[in-house]
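J.: Input file: upload.txt. Contents: compact mmCIF, C-alpha atoms and all ligand atoms.
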```
# COMPACT_ATOMS: atom_id res chain seq x y z
CA MET K 1177 52.64 -127.55 -142.11
CA LYS K 1178 50.87 -125.33 -144.53
CA THR K 1179 53.10 -122.71 -146.08
CA TYR K 1180 52.03 -119.39 -147.52
CA CYS K 1181 53.45 -117.92 -150.63
CA ARG K 1182 54.82 -114.49 -149.83
CA ARG K 1183 55.55 -112.23 -152.73
CA ALA K 1184 57.82 -109.33 -151.78
CA LEU K 1185 56.49 -105.92 -152.73
CA PRO K 1186 58.81 -103.93 -154.91
CA LEU K 1187 60.82 -101.43 -152.84
CA ALA K 1188 59.45 -98.44 -154.78
CA VAL K 1189 55.87 -99.43 -153.93
CA VAL K 1190 56.75 -99.80 -150.24
CA LEU K 1191 58.39 -96.37 -150.21
CA LEU K 1192 55.41 -94.79 -151.97
CA MET K 1193 53.01 -96.37 -149.46
CA ALA K 1194 55.12 -95.13 -146.54
CA ALA K 1195 55.18 -91.62 -147.99
CA GLY K 1196 51.39 -91.71 -148.41
CA VAL K 1197 50.84 -92.76 -144.80
CA ALA K 1198 53.27 -90.09 -143.59
CA ARG K 1199 51.41 -87.45 -145.64
CA LEU K 1200 48.09 -88.60 -144.20
CA LEU K 1201 49.39 -88.50 -140.63
CA ALA K 1202 50.98 -85.12 -141.21
CA ARG K 1203 47.67 -83.81 -142.55
CA VAL K 1204 45.78 -84.83 -139.41
CA ASP K 1205 48.02 -82.66 -137.21
CA ASP K 1206 49.06 -80.17 -139.86
CA PRO K 1207 49.11 -76.75 -138.18
CA ALA K 1208 48.75 -75.20 -141.63
CA LEU K 1209 45.27 -76.68 -141.98
CA PRO K 1210 42.38 -74.28 -141.31
CA ASP K 1211 41.10 -74.75 -137.78
CA ARG K 1212 38.06 -73.65 -135.71
CA ILE K 1213 35.90 -73.28 -138.81
CA ILE K 1214 32.47 -71.93 -137.98
CA LEU K 1215 29.45 -70.92 -140.05
CA THR K 1216 27.43 -67.95 -138.81
CA PRO K 1217 24.61 -65.81 -140.15
CA ILE K 1218 25.33 -62.54 -141.86
CA GLY K 1219 22.52 -60.70 -143.61
CA ASP K 1220 19.68 -62.62 -145.17
CA PRO K 1221 20.09 -66.39 -144.57
CA THR K 1222 18.32 -67.15 -147.85
CA SER K 1223 21.28 -65.71 -149.74
CA ALA K 1224 24.19 -65.19 -147.34
CA ALA K 1225 26.32 -66.81 -144.63
CA ALA K 1226 29.75 -66.16 -143.15
CA VAL K 1227 32.59 -68.51 -142.37
CA THR K 1228 35.40 -67.77 -139.92
CA TRP K 1229 38.49 -69.85 -139.29
CA ARG K 1230 42.03 -69.55 -138.13
CA GLY K 1231 45.50 -70.67 -139.03
CA PRO K 1232 49.13 -69.83 -138.42
CA LEU K 1233 50.36 -66.28 -138.89
CA THR K 1234 50.78 -65.94 -142.60
CA THR K 1235 51.14 -63.39 -145.32
CA ARG K 1236 49.71 -65.79 -147.86
CA PRO K 1237 46.23 -64.79 -149.02
CA ALA K 1238 43.53 -66.78 -147.23
CA ARG K 1239 40.42 -67.51 -149.28
CA ALA K 1240 37.30 -69.61 -149.65
CA GLN K 1241 35.69 -71.45 -152.53
CA ILE K 1242 31.97 -72.07 -152.80
CA ALA K 1243 29.81 -73.93 -155.30
CA ALA K 1244 26.41 -75.51 -155.48
CA ALA K 1245 26.85 -78.98 -153.99
CA THR K 1246 27.27 -81.64 -156.64
CA ALA K 1247 26.48 -85.34 -156.72
CA GLY K 1248 30.13 -86.17 -157.38
CA PRO K 1249 33.51 -84.73 -156.46
CA GLU K 1250 33.59 -81.98 -159.11
CA MET K 1251 32.79 -78.93 -156.92
CA GLU K 1252 35.93 -77.02 -158.01
CA LYS K 1253 34.73 -76.87 -161.62
CA ASN K 1254 32.14 -74.20 -160.90
CA ALA K 1255 33.47 -72.86 -157.61
CA LYS K 1256 33.62 -69.17 -156.98
CA GLU K 1257 36.72 -68.02 -155.09
CA LEU K 1258 36.60 -65.23 -152.53
CA ALA K 1259 39.44 -63.47 -150.74
CA ALA K 1260 39.25 -63.54 -146.95
CA THR K 1261 39.48 -60.66 -144.54
CA SER K 1262 42.41 -61.56 -142.28
CA ALA K 1263 43.80 -60.22 -139.04
CA PRO K 1264 46.57 -61.38 -136.71
CA PHE K 1265 45.48 -62.62 -133.31
CA ASP K 1266 47.60 -62.76 -130.17
CA ALA K 1267 46.55 -65.83 -128.19
CA GLY K 1268 49.26 -65.39 -125.58
CA ALA K 1269 51.63 -68.29 -126.01
CA ALA K 1270 50.90 -68.46 -129.73
CA LYS K 1271 50.05 -66.02 -132.49
CA PHE K 1272 47.52 -66.81 -135.18
CA SER K 1273 45.68 -65.31 -138.10
CA ASN K 1274 41.90 -65.21 -138.11
CA HIS K 1275 40.15 -65.22 -141.46
CA SER K 1276 36.58 -64.68 -142.55
CA VAL K 1277 34.59 -64.68 -145.76
CA ALA K 1278 31.00 -63.58 -146.27
CA PHE K 1279 29.21 -65.59 -148.92
CA SER K 1280 26.47 -63.63 -150.67
CA GLY K 1281 24.27 -63.87 -153.75
CA LEU K 1282 23.34 -67.46 -152.91
CA ARG K 1283 20.06 -69.06 -153.95
CA PRO K 1284 17.41 -69.83 -151.31
CA GLU K 1285 16.96 -73.38 -150.06
CA THR K 1286 20.01 -74.60 -151.90
CA LEU K 1287 22.75 -76.93 -150.72
CA TYR K 1288 26.20 -75.38 -151.08
CA ALA K 1289 29.68 -76.83 -150.66
CA TYR K 1290 32.60 -74.69 -149.55
CA ARG K 1291 36.16 -74.97 -148.35
CA VAL K 1292 38.70 -72.54 -146.92
CA THR K 1293 42.45 -72.14 -146.94
CA ASN K 1294 45.01 -70.19 -144.93
CA GLY K 1295 46.98 -69.86 -148.14
CA SER K 1296 48.54 -73.31 -148.15
CA ALA K 1297 46.41 -76.36 -147.32
CA TRP K 1298 42.68 -76.46 -148.01
CA SER K 1299 40.10 -77.62 -145.52
CA GLU K 1300 37.70 -80.38 -146.46
CA TRP K 1301 34.56 -79.37 -148.37
CA PHE K 1302 31.67 -78.62 -146.00
CA GLN K 1303 28.01 -78.43 -146.97
CA PHE K 1304 25.24 -76.16 -145.75
CA ARG K 1305 21.74 -75.28 -146.94
CA THR K 1306 20.50 -71.73 -147.31
CA ALA K 1307 17.15 -70.82 -145.74
CA ALA K 1308 13.89 -71.01 -147.68
CA ALA K 1309 12.51 -67.68 -148.88
CA SER K 1310 9.21 -68.18 -147.04
CA PRO K 1311 8.16 -69.85 -143.77
CA LYS K 1312 8.87 -73.55 -143.82
CA PRO K 1313 9.20 -76.14 -141.03
CA PHE K 1314 12.62 -76.44 -139.43
CA ARG K 1315 14.27 -77.36 -136.14
CA PHE K 1316 17.00 -75.69 -134.15
CA LEU K 1317 19.10 -76.48 -131.09
CA TYR K 1318 19.76 -74.51 -127.95
CA PHE K 1319 22.64 -74.98 -125.51
CA GLY K 1320 22.79 -73.22 -122.12
CA ASP K 1321 26.16 -72.65 -120.45
CA GLU K 1322 28.56 -75.22 -121.92
CA GLN K 1323 31.34 -73.53 -119.94
CA THR K 1324 33.05 -76.38 -118.06
CA GLU K 1325 34.72 -79.71 -118.75
CA LEU K 1326 34.68 -78.91 -122.45
CA ALA K 1327 37.08 -81.75 -123.17
CA SER K 1328 35.61 -84.35 -120.87
CA ARG K 1329 31.96 -84.34 -119.70
CA THR K 1330 30.32 -81.72 -121.88
CA PRO K 1331 31.06 -82.86 -125.47
CA ARG K 1332 28.69 -85.83 -125.13
CA VAL K 1333 25.78 -83.40 -124.70
CA ILE K 1334 26.64 -81.62 -127.94
CA ARG K 1335 27.17 -84.91 -129.80
CA GLN K 1336 23.93 -86.38 -128.44
CA ALA K 1337 22.05 -83.28 -129.59
CA LEU K 1338 23.59 -83.34 -133.06
CA SER K 1339 22.98 -87.04 -133.60
CA ASP K 1340 19.45 -86.62 -132.25
CA THR K 1341 18.71 -83.64 -134.51
CA PRO K 1342 20.68 -84.13 -137.71
CA ASP K 1343 18.38 -81.72 -139.54
CA ALA K 1344 19.01 -78.79 -137.15
CA ARG K 1345 19.36 -75.60 -139.16
CA LEU K 1346 20.60 -73.33 -136.36
CA ILE K 1347 22.48 -73.73 -133.09
CA LEU K 1348 21.78 -71.11 -130.41
CA HIS K 1349 24.18 -70.70 -127.49
CA GLY K 1350 22.95 -68.89 -124.37
CA GLY K 1351 26.34 -67.61 -123.16
CA ASP K 1352 29.17 -68.80 -120.93
CA LEU K 1353 30.44 -70.87 -123.80
CA THR K 1354 33.76 -71.13 -121.97
CA ASN K 1355 34.75 -70.53 -118.35
CA VAL K 1356 37.80 -68.28 -118.78
CA ALA K 1357 37.10 -65.56 -121.31
CA SER K 1358 40.57 -65.40 -122.84
CA SER K 1359 41.65 -69.02 -122.43
CA ASP K 1360 42.64 -70.01 -125.94
CA SER K 1361 42.78 -73.67 -125.01
CA GLU K 1362 39.20 -73.56 -123.67
CA TRP K 1363 38.08 -71.98 -126.92
CA GLY K 1364 39.87 -74.75 -128.78
CA GLN K 1365 37.94 -77.30 -126.74
CA TRP K 1366 34.68 -75.45 -127.34
CA PHE K 1367 35.18 -75.55 -131.10
CA ALA K 1368 36.17 -79.21 -131.01
CA MET K 1369 32.93 -80.26 -129.32
CA ALA K 1370 30.72 -79.70 -132.36
CA GLY K 1371 33.53 -80.31 -134.87
CA TYR K 1372 32.40 -80.30 -138.46
CA ALA K 1373 28.82 -79.43 -137.46
CA ASN K 1374 30.05 -75.92 -136.60
CA ALA K 1375 31.00 -75.52 -140.24
CA SER K 1376 27.70 -76.90 -141.56
CA ILE K 1377 25.01 -75.34 -139.33
CA LEU K 1378 24.53 -71.62 -138.64
CA ASN K 1379 25.68 -70.81 -135.11
CA LEU K 1380 24.06 -67.96 -133.13
CA PRO K 1381 26.12 -67.44 -129.97
CA ALA K 1382 25.19 -65.06 -127.14
CA ILE K 1383 27.80 -63.75 -124.72
CA GLY K 1384 27.87 -64.72 -121.04
CA ASN K 1385 29.58 -63.02 -118.11
CA HIS K 1386 32.37 -65.57 -118.55
CA GLN K 1387 33.17 -64.05 -121.93
CA TYR K 1388 34.17 -60.85 -120.12
CA GLU K 1389 37.68 -60.30 -118.79
CA LYS K 1390 39.33 -57.69 -116.60
CA VAL K 1391 40.61 -54.67 -118.51
CA ALA K 1392 43.75 -54.86 -116.35
CA PRO K 1393 44.74 -57.31 -113.59
CA ASP K 1394 43.95 -54.80 -110.81
CA SER K 1395 40.87 -53.32 -112.48
CA ASP K 1396 37.21 -53.92 -111.65
CA GLN K 1397 36.29 -52.97 -115.19
CA ARG K 1398 35.55 -55.79 -117.60
CA ARG K 1399 35.35 -56.03 -121.35
CA LEU K 1400 34.29 -58.64 -123.90
CA THR K 1401 37.20 -60.94 -124.74
CA SER K 1402 38.93 -60.19 -128.03
CA HIS K 1403 38.34 -63.83 -128.94
CA TRP K 1404 34.65 -63.06 -129.54
CA ARG K 1405 34.68 -60.77 -132.52
CA SER K 1406 37.77 -62.33 -134.04
CA GLN K 1407 36.37 -65.85 -134.13
CA PHE K 1408 32.66 -65.18 -134.84
CA THR K 1409 31.54 -63.18 -137.87
CA LEU K 1410 28.03 -62.10 -136.89
CA PRO K 1411 25.49 -59.61 -138.21
CA GLU K 1412 26.39 -56.05 -137.26
CA ASN K 1413 22.74 -55.08 -137.12
CA GLY K 1414 22.42 -54.62 -133.34
CA VAL K 1415 23.14 -51.84 -130.89
CA VAL K 1416 26.20 -49.64 -131.37
CA GLY K 1417 28.84 -50.58 -128.77
CA VAL K 1418 27.67 -54.19 -128.56
CA GLU K 1419 28.01 -55.07 -132.23
CA GLU K 1420 28.11 -58.82 -132.86
CA SER K 1421 26.82 -59.53 -129.36
CA SER K 1422 23.41 -57.99 -130.07
CA TYR K 1423 22.03 -58.99 -133.46
CA THR K 1424 18.99 -60.34 -135.22
CA LEU K 1425 18.15 -62.87 -137.89
CA ASP K 1426 14.90 -63.79 -139.63
CA TYR K 1427 14.80 -67.46 -140.48
CA GLN K 1428 11.79 -69.12 -142.15
CA GLY K 1429 9.13 -67.28 -140.20
CA VAL K 1430 11.02 -66.74 -136.94
CA ARG K 1431 12.58 -63.48 -135.83
CA PHE K 1432 15.58 -64.47 -133.70
CA VAL K 1433 17.11 -61.83 -131.47
CA VAL K 1434 20.37 -62.29 -129.58
CA LEU K 1435 20.97 -59.81 -126.77
CA ASN K 1436 23.99 -58.87 -124.67
CA SER K 1437 22.93 -58.99 -121.00
CA MET K 1438 26.21 -57.51 -119.75
CA GLU K 1439 26.17 -54.04 -121.34
CA ARG K 1440 23.88 -51.37 -122.78
CA ILE K 1441 20.72 -52.96 -121.39
CA VAL K 1442 18.52 -49.87 -121.87
CA GLU K 1443 19.73 -49.19 -125.42
CA GLN K 1444 18.99 -52.78 -126.35
CA ALA K 1445 15.46 -52.44 -124.93
CA SER K 1446 14.76 -49.60 -127.37
CA TRP K 1447 16.29 -51.52 -130.23
CA LEU K 1448 14.31 -54.65 -129.36
CA ASP K 1449 11.11 -52.65 -129.18
CA MET K 1450 11.75 -51.21 -132.63
CA LEU K 1451 12.77 -54.58 -134.00
CA LEU K 1452 9.62 -56.34 -132.85
CA THR K 1453 7.28 -53.57 -133.97
CA GLY K 1454 5.78 -54.73 -137.21
CA SER K 1455 7.92 -57.87 -137.43
CA PRO K 1456 6.94 -59.83 -140.55
CA CYS K 1457 7.56 -63.12 -138.72
CA LYS K 1458 4.90 -65.16 -136.95
CA TRP K 1459 7.33 -66.22 -134.21
CA ALA K 1460 9.81 -64.37 -132.02
CA VAL K 1461 12.58 -66.15 -130.12
CA VAL K 1462 15.06 -64.20 -127.98
CA THR K 1463 18.22 -65.52 -126.39
CA PHE K 1464 20.64 -63.97 -123.92
CA HIS K 1465 22.49 -65.01 -120.79
CA HIS K 1466 21.04 -63.65 -117.52
CA PRO K 1467 17.53 -65.02 -116.92
CA ILE K 1468 14.41 -62.91 -116.39
CA TYR K 1469 13.38 -65.38 -113.66
CA SER K 1470 16.17 -66.88 -111.60
CA GLY K 1471 16.15 -70.41 -110.28
CA ALA K 1472 19.50 -70.46 -108.50
CA ARG K 1473 20.06 -69.41 -104.91
CA ASN K 1474 20.70 -65.71 -104.23
CA ARG K 1475 20.31 -64.70 -107.85
CA ASP K 1476 18.08 -62.11 -109.45
CA ASN K 1477 18.49 -59.88 -112.48
CA ALA K 1478 16.02 -57.16 -111.61
CA ASP K 1479 17.56 -54.57 -113.96
CA ILE K 1480 17.28 -56.83 -116.97
CA ARG K 1481 13.75 -57.89 -116.05
CA ALA K 1482 12.70 -54.26 -115.63
CA ALA K 1483 14.18 -53.22 -118.98
CA TRP K 1484 13.31 -56.15 -121.21
CA LYS K 1485 10.27 -57.96 -119.87
CA PRO K 1486 7.83 -55.14 -120.76
CA ILE K 1487 9.08 -55.39 -124.36
CA PHE K 1488 8.62 -59.17 -124.39
CA ASP K 1489 5.08 -58.65 -123.04
CA ARG K 1490 4.21 -55.84 -125.44
CA HIS K 1491 5.27 -57.81 -128.50
CA LYS K 1492 4.25 -61.25 -127.26
CA VAL K 1493 7.67 -62.79 -127.66
CA ASP K 1494 7.09 -66.53 -127.77
CA LEU K 1495 10.22 -67.96 -126.24
CA VAL K 1496 13.12 -66.58 -124.19
CA LEU K 1497 16.12 -68.87 -123.84
CA THR K 1498 18.67 -68.06 -121.14
CA GLY K 1499 21.36 -69.66 -118.95
CA HIS K 1500 23.66 -68.41 -116.17
CA ASP K 1501 21.87 -70.09 -113.25
CA HIS K 1502 23.14 -73.64 -113.83
CA VAL K 1503 19.76 -75.16 -113.06
CA TYR K 1504 16.83 -75.95 -115.34
CA GLY K 1505 13.58 -74.00 -115.19
CA ARG K 1506 10.67 -73.42 -117.57
CA SER K 1507 7.68 -71.18 -116.96
CA ASP K 1508 4.02 -71.78 -117.78
CA PRO K 1509 2.53 -68.72 -119.50
CA SER K 1510 -1.01 -69.87 -118.73
CA SER K 1511 -0.64 -69.69 -114.94
CA GLY K 1512 1.66 -68.86 -112.05
CA PRO K 1513 4.05 -65.98 -111.35
CA ALA K 1514 5.30 -65.89 -114.95
CA GLU K 1515 1.83 -65.83 -116.51
CA GLY K 1516 1.63 -63.93 -119.80
CA HIS K 1517 2.49 -64.90 -123.35
CA THR K 1518 6.21 -65.65 -123.19
CA VAL K 1519 7.69 -68.99 -122.14
CA TYR K 1520 10.90 -68.45 -120.14
CA VAL K 1521 13.57 -71.13 -120.12
CA THR K 1522 16.89 -71.27 -118.32
CA SER K 1523 19.09 -74.26 -118.96
CA VAL K 1524 22.61 -75.64 -118.71
CA SER K 1525 24.54 -78.01 -120.98
CA GLY K 1526 27.79 -78.12 -119.05
CA THR K 1527 28.68 -79.72 -115.76
CA LYS K 1528 28.59 -76.76 -113.36
CA GLN K 1529 25.43 -77.10 -111.25
CA TYR K 1530 24.04 -74.73 -108.62
CA ASP K 1531 21.78 -74.88 -105.58
CA ALA K 1532 18.14 -74.04 -106.20
CA GLY K 1533 16.67 -70.71 -105.17
CA ASP K 1534 13.18 -69.42 -105.79
CA ARG K 1535 11.54 -71.78 -108.24
CA LYS K 1536 7.88 -70.85 -107.84
CA TRP K 1537 7.99 -69.27 -111.30
CA ALA K 1538 8.96 -72.58 -112.92
CA ALA K 1539 6.32 -75.11 -113.94
CA ARG K 1540 9.10 -77.61 -114.56
CA PHE K 1541 12.41 -77.48 -112.72
CA GLY K 1542 15.53 -79.60 -112.49
CA GLN K 1543 19.00 -79.80 -111.00
CA ASP K 1544 22.17 -81.72 -111.66
CA LEU K 1545 21.20 -82.23 -115.27
CA GLN K 1546 23.06 -81.61 -118.52
CA LEU K 1547 20.49 -80.59 -121.10
CA TYR K 1548 19.95 -79.47 -124.66
CA GLN K 1549 16.82 -78.14 -126.33
CA VAL K 1550 15.29 -79.22 -129.63
CA ILE K 1551 12.79 -76.68 -130.91
CA GLY K 1552 10.65 -77.16 -133.98
CA ILE K 1553 8.70 -74.58 -135.97
CA ASP K 1554 5.96 -75.80 -138.27
CA GLY K 1555 3.50 -73.15 -139.42
CA ASP K 1556 1.23 -72.33 -136.47
CA ARG K 1557 3.00 -74.77 -134.17
CA LEU K 1558 6.13 -74.51 -132.01
CA THR K 1559 7.30 -77.68 -130.29
CA TYR K 1560 9.89 -77.75 -127.53
CA GLU K 1561 11.79 -80.54 -125.89
CA ALA K 1562 14.49 -80.30 -123.23
CA LYS K 1563 16.54 -83.47 -123.38
CA THR K 1564 19.14 -84.88 -121.05
CA ALA K 1565 22.72 -85.82 -121.90
CA ASP K 1566 21.58 -89.40 -122.43
CA GLY K 1567 18.81 -88.36 -124.81
CA ASP K 1568 15.73 -88.65 -122.59
CA VAL K 1569 12.98 -86.04 -122.80
CA TYR K 1570 13.02 -84.12 -119.52
CA ASP K 1571 10.52 -81.42 -120.45
CA ALA K 1572 8.22 -80.62 -123.36
CA PHE K 1573 5.57 -78.14 -124.40
CA GLU K 1574 3.81 -76.89 -127.48
CA ILE K 1575 2.47 -73.52 -128.58
CA ARG K 1576 -0.23 -73.23 -131.24
CA LYS K 1577 -1.10 -69.97 -132.88
CA GLY K 1578 -4.41 -69.70 -134.65
CA ALA K 1579 -6.90 -66.91 -134.65
CA GLY K 1580 -6.93 -65.21 -131.25
CA ARG K 1581 -4.75 -66.06 -128.27
CA ALA K 1582 -1.89 -68.55 -128.65
CA ARG K 1583 -2.55 -71.90 -126.98
CA PHE K 1584 0.14 -73.31 -124.69
CA THR K 1585 0.13 -77.02 -123.87
CA ASP K 1586 2.40 -78.45 -121.21
CA ARG K 1587 3.63 -81.85 -122.38
CA SER K 1588 5.72 -82.59 -119.29
CA ARG K 1589 2.91 -84.46 -117.54
CA GLY K 1590 3.76 -88.11 -117.56
CA LEU K 1591 7.50 -87.55 -117.86
CA ALA K 1592 9.86 -88.64 -115.10
CA PRO K 1593 9.54 -86.73 -111.82
CA GLU K 1594 11.58 -83.57 -111.49
CA ARG K 1595 15.18 -84.23 -110.63
CA LEU K 1596 15.98 -82.18 -107.54
CA ARG K 1597 19.07 -82.11 -105.40
CA THR K 1598 18.38 -83.59 -102.01
CA SER K 1599 19.89 -81.78 -99.04
CA LYS K 1600 23.12 -83.27 -97.77
FE FE Z 1 26.96 -66.79 -116.31
FE FE Z 2 27.60 -69.95 -116.32
```
Rewrite the structure from the file as structure tokens, please.
T.:
Amino acid sequence: MKTYCRRALPLAVVLLMAAGVARLLARVDDPALPDRIILTPIGDPTSAAAVTWRGPLTTRPARAQIAAATAGPEMEKNAKELAATSAPFDAGAAKFSNHSVAFSGLRPETLYAYRVTNGSAWSEWFQFRTAAASPKPFRFLYFGDEQTELASRTPRVIRQALSDTPDARLILHGGDLTNVASSDSEWGQWFAMAGYANASILNLPAIGNHQYEKVAPDSDQRRLTSHWRSQFTLPENGVVGVEESSYTLDYQGVRFVVLNSMERIVEQASWLDMLLTGSPCKWAVVTFHHPIYSGARNRDNADIRAAWKPIFDRHKVDLVLTGHDHVYGRSDPSSGPAEGHTVYVTSVSGTKQYDAGDRKWAARFGQDLQLYQVIGIDGDRLTYEAKTADGDVYDAFEIRKGAGRARFTDRSRGLAPERLRTSK
């Protein structure tokens, strides 16, 4: 029988190895590690971005370090350190501190590395690229209502989208990110879905009705959950009273506008009108929760349509991305009830699915689908794809802007037939 020579490891080496493994395991679940780290726009994306994270209640000073990304591991050498703005947060069963830092004075189109700390352990170093100072091709992602099964059936949609679009520069969320506005565990699941990508790609979330909670248990009055403003640091350049749920961002030739479709609808119409008057950007993309055209049974948002659609028409907004109806629908601006300039989309990424209602407005419709959108901007051309959880193209179109009227081309012909729920 063949024998193997076994040489015993010195005891000190064994103990050191055990301590190293224990440290590593402790780090994975270390509650002192920064958690729910998310990158969001703040100011001009060519020179600024914000990061928000949370950790245990602490009096230690939270902070961030940022440096131009390097080829090797020497980021600390030239890192700039910034003190965080911190506030305690009562999440019911547990209390936390939320922290945020606004990075500014960055160079356009530059890859940066940053990390954050609650005052004890540092996060890993994340990387993100600032926007170019002039229009340049880029792609972004859109997710309609994630909302349900955030730890089971919905993450695969987010992961499919991220692996499919590794160059995405923005992630837009159309509201109803979670189902229960103040459920801290749901928010934890929501953050976990995109993981490190949240810290590397600018997120532009819109509120949904499911981000609103009762003011008191027996009250009919609702208010935006306190989770919103404490965990997202967003531009405060919108309408007073709905700060950080109405805001705007210019990114490489696109004016993005995020609206709050729960409150101050008329005030936001005036603001939107002003914002789109004389916009320097070739493209305008607006996102909010309640759709202008509804595709689900017994649903209609007449007040929002009356207030906002005339502004979209007047300023020839190119694309309106919404959710709420838990079906898929996309209009054709060249014909049909939604004829005009704007393409209207309502979509859903999560698992909650509704019965269809009026869908005459939709040139392409679908039910019982989990979808994400990949949208590309390249000079005079906007390309759009709605893709299913398994990565297939379910819908596509293109808009070209030259001299004169924009040209819309439906690219859904030849794709699989519409998926519609058959009556039971
Ligand atoms: Fe909703
Ligand atoms: Fe919803």
J.: Any residue with an atom at most 7 Å from ligand FE 1 (chain Z) counts, using only C-alpha atoms and all ligand atoms. Which are they? Put them as a list in words.
T.: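 What falls inside 7 Å of ligand FE 1 (chain Z) is Gly1351, Asp1352, Gly1384, Asn1385, His1386, His1465, His1466, Gly1499, His1500 and Asp1501 of chain K.
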J.: Those same residues, written as a compact mmCIF listing (two decimals), in the frame of the given file with C-alpha atoms?
T.:
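The file below, again-v7.txt, is the result:
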```
# COMPACT_ATOMS: atom_id res chain seq x y z
CA GLY K 1351 26.34 -67.61 -123.16
CA ASP K 1352 29.17 -68.80 -120.93
CA GLY K 1384 27.87 -64.72 -121.04
CA ASN K 1385 29.58 -63.02 -118.11
CA HIS K 1386 32.37 -65.57 -118.55
CA HIS K 1465 22.49 -65.01 -120.79
CA HIS K 1466 21.04 -63.65 -117.52
CA GLY K 1499 21.36 -69.66 -118.95
CA HIS K 1500 23.66 -68.41 -116.17
CA ASP K 1501 21.87 -70.09 -113.25
```
J.: Please compute the atom CA of Thr1354 of chain K-atom CA of Gln1444 of chain K distance, one decimal, in Å.
T.: 24.0 Å
J.: Ranking K:Lys1563, K:Arg1506, K:Arg1595, K:Arg1405 by minimum distance to Arg1540 of chain K and counting all atoms listed in the file, which one comes first?
T.: K:Arg1506
J.: Using all atoms listed in the file, find each protein or nucleic acid residue lying at most 12 Å from ligand FE 2 (chain Z); present the set as an MDAnalysis selection string.
T.: chainID K and resid 1319:1324 1349:1357 1383:1388 1464:1467 1472 1498:1503 1522:1530
J.: Could you tell me which of K:Ala1337, K:Val1227, K:Ala1445, K:Leu1497 comes closest to Asp1479 of chain K if we count all atoms listed in the file?
T.: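 Of K:Ala1337, K:Val1227, K:Ala1445, K:Leu1497, the one nearest Asp1479 of chain K is K:Ala1445, counting all atoms listed in the file.
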J.: Pick from K:Ala1247, K:Val1569, K:Ala1538, K:Ala1270: nearest to Ala1592 of chain K, with only C-alpha atoms counted?
T.: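 Ranking K:Ala1247, K:Val1569, K:Ala1538, K:Ala1270 by distance to Ala1592 of chain K, first place goes to K:Val1569.
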J.: I'd like the interatomic distance between atom CA of Ala1278 of chain K and atom CA of Leu1258 of chain K, to a tenth of an Å.
T.: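 Between atom CA of Ala1278 of chain K and atom CA of Leu1258 of chain K the gap is 8.6 Å.
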J.: To one decimal place in Å, what is the distance between atom CA of Lys1458 of chain K and atom CA of Pro1311 of chain K?
T.: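 Spanning atom CA of Lys1458 of chain K to atom CA of Pro1311 of chain K is a straight-line distance of 8.9 Å.
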J.: For Ser1422 of chain K, which residue among K:Pro1331, K:Pro1456, K:Pro1381, K:Gly1542 is the nearest when counting only C-alpha atoms?
T.: K:Pro1381
J.: Using all atoms listed in the file, can you tell me which of K:Thr1306, K:Thr1409, K:Thr1286, K:Thr1559 comes closest to Thr1228 of chain K?
T.: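 So, comparing all the options, the nearest one is K:Thr1409.
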J.: Find the residue from K:Ala1308, K:Ala1373, K:Val1521, K:Ile1553 that sits nearest to Asp1571 of chain K; use all atoms listed in the file when measuring.
T.: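 Smallest separation from Asp1571 of chain K among the options: K:Val1521.
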J.: Do you know which residues are at most 12 Å from Ala1482 of chain K counting only C-alpha atoms, after dropping those on the same chain fewer than 4 positions away, and could you put them as a ChimeraX atom specification?
T.: /K:1441-1442,1445,1467-1469,1476-1478,1486-1489
J.: Write out as number ranges by chain each polymer residue whose atoms come within 12 Å of Ile1551 of chain K, counting only C-alpha atoms; drop sequence neighbours fewer than 5 positions from it.
T.: K: 1313-1319, 1337, 1341, 1343-1348, 1430, 1461, 1495, 1497, 1557-1563, 1571-1575
J.: Using only C-alpha atoms, determine which residues lie at most 7 Å from Gln1303 of chain K, disregarding the query and same-chain residues fewer than 5 positions distant; provide the list as a ChimeraX atom specification.
T.: /K:1287-1290,1376
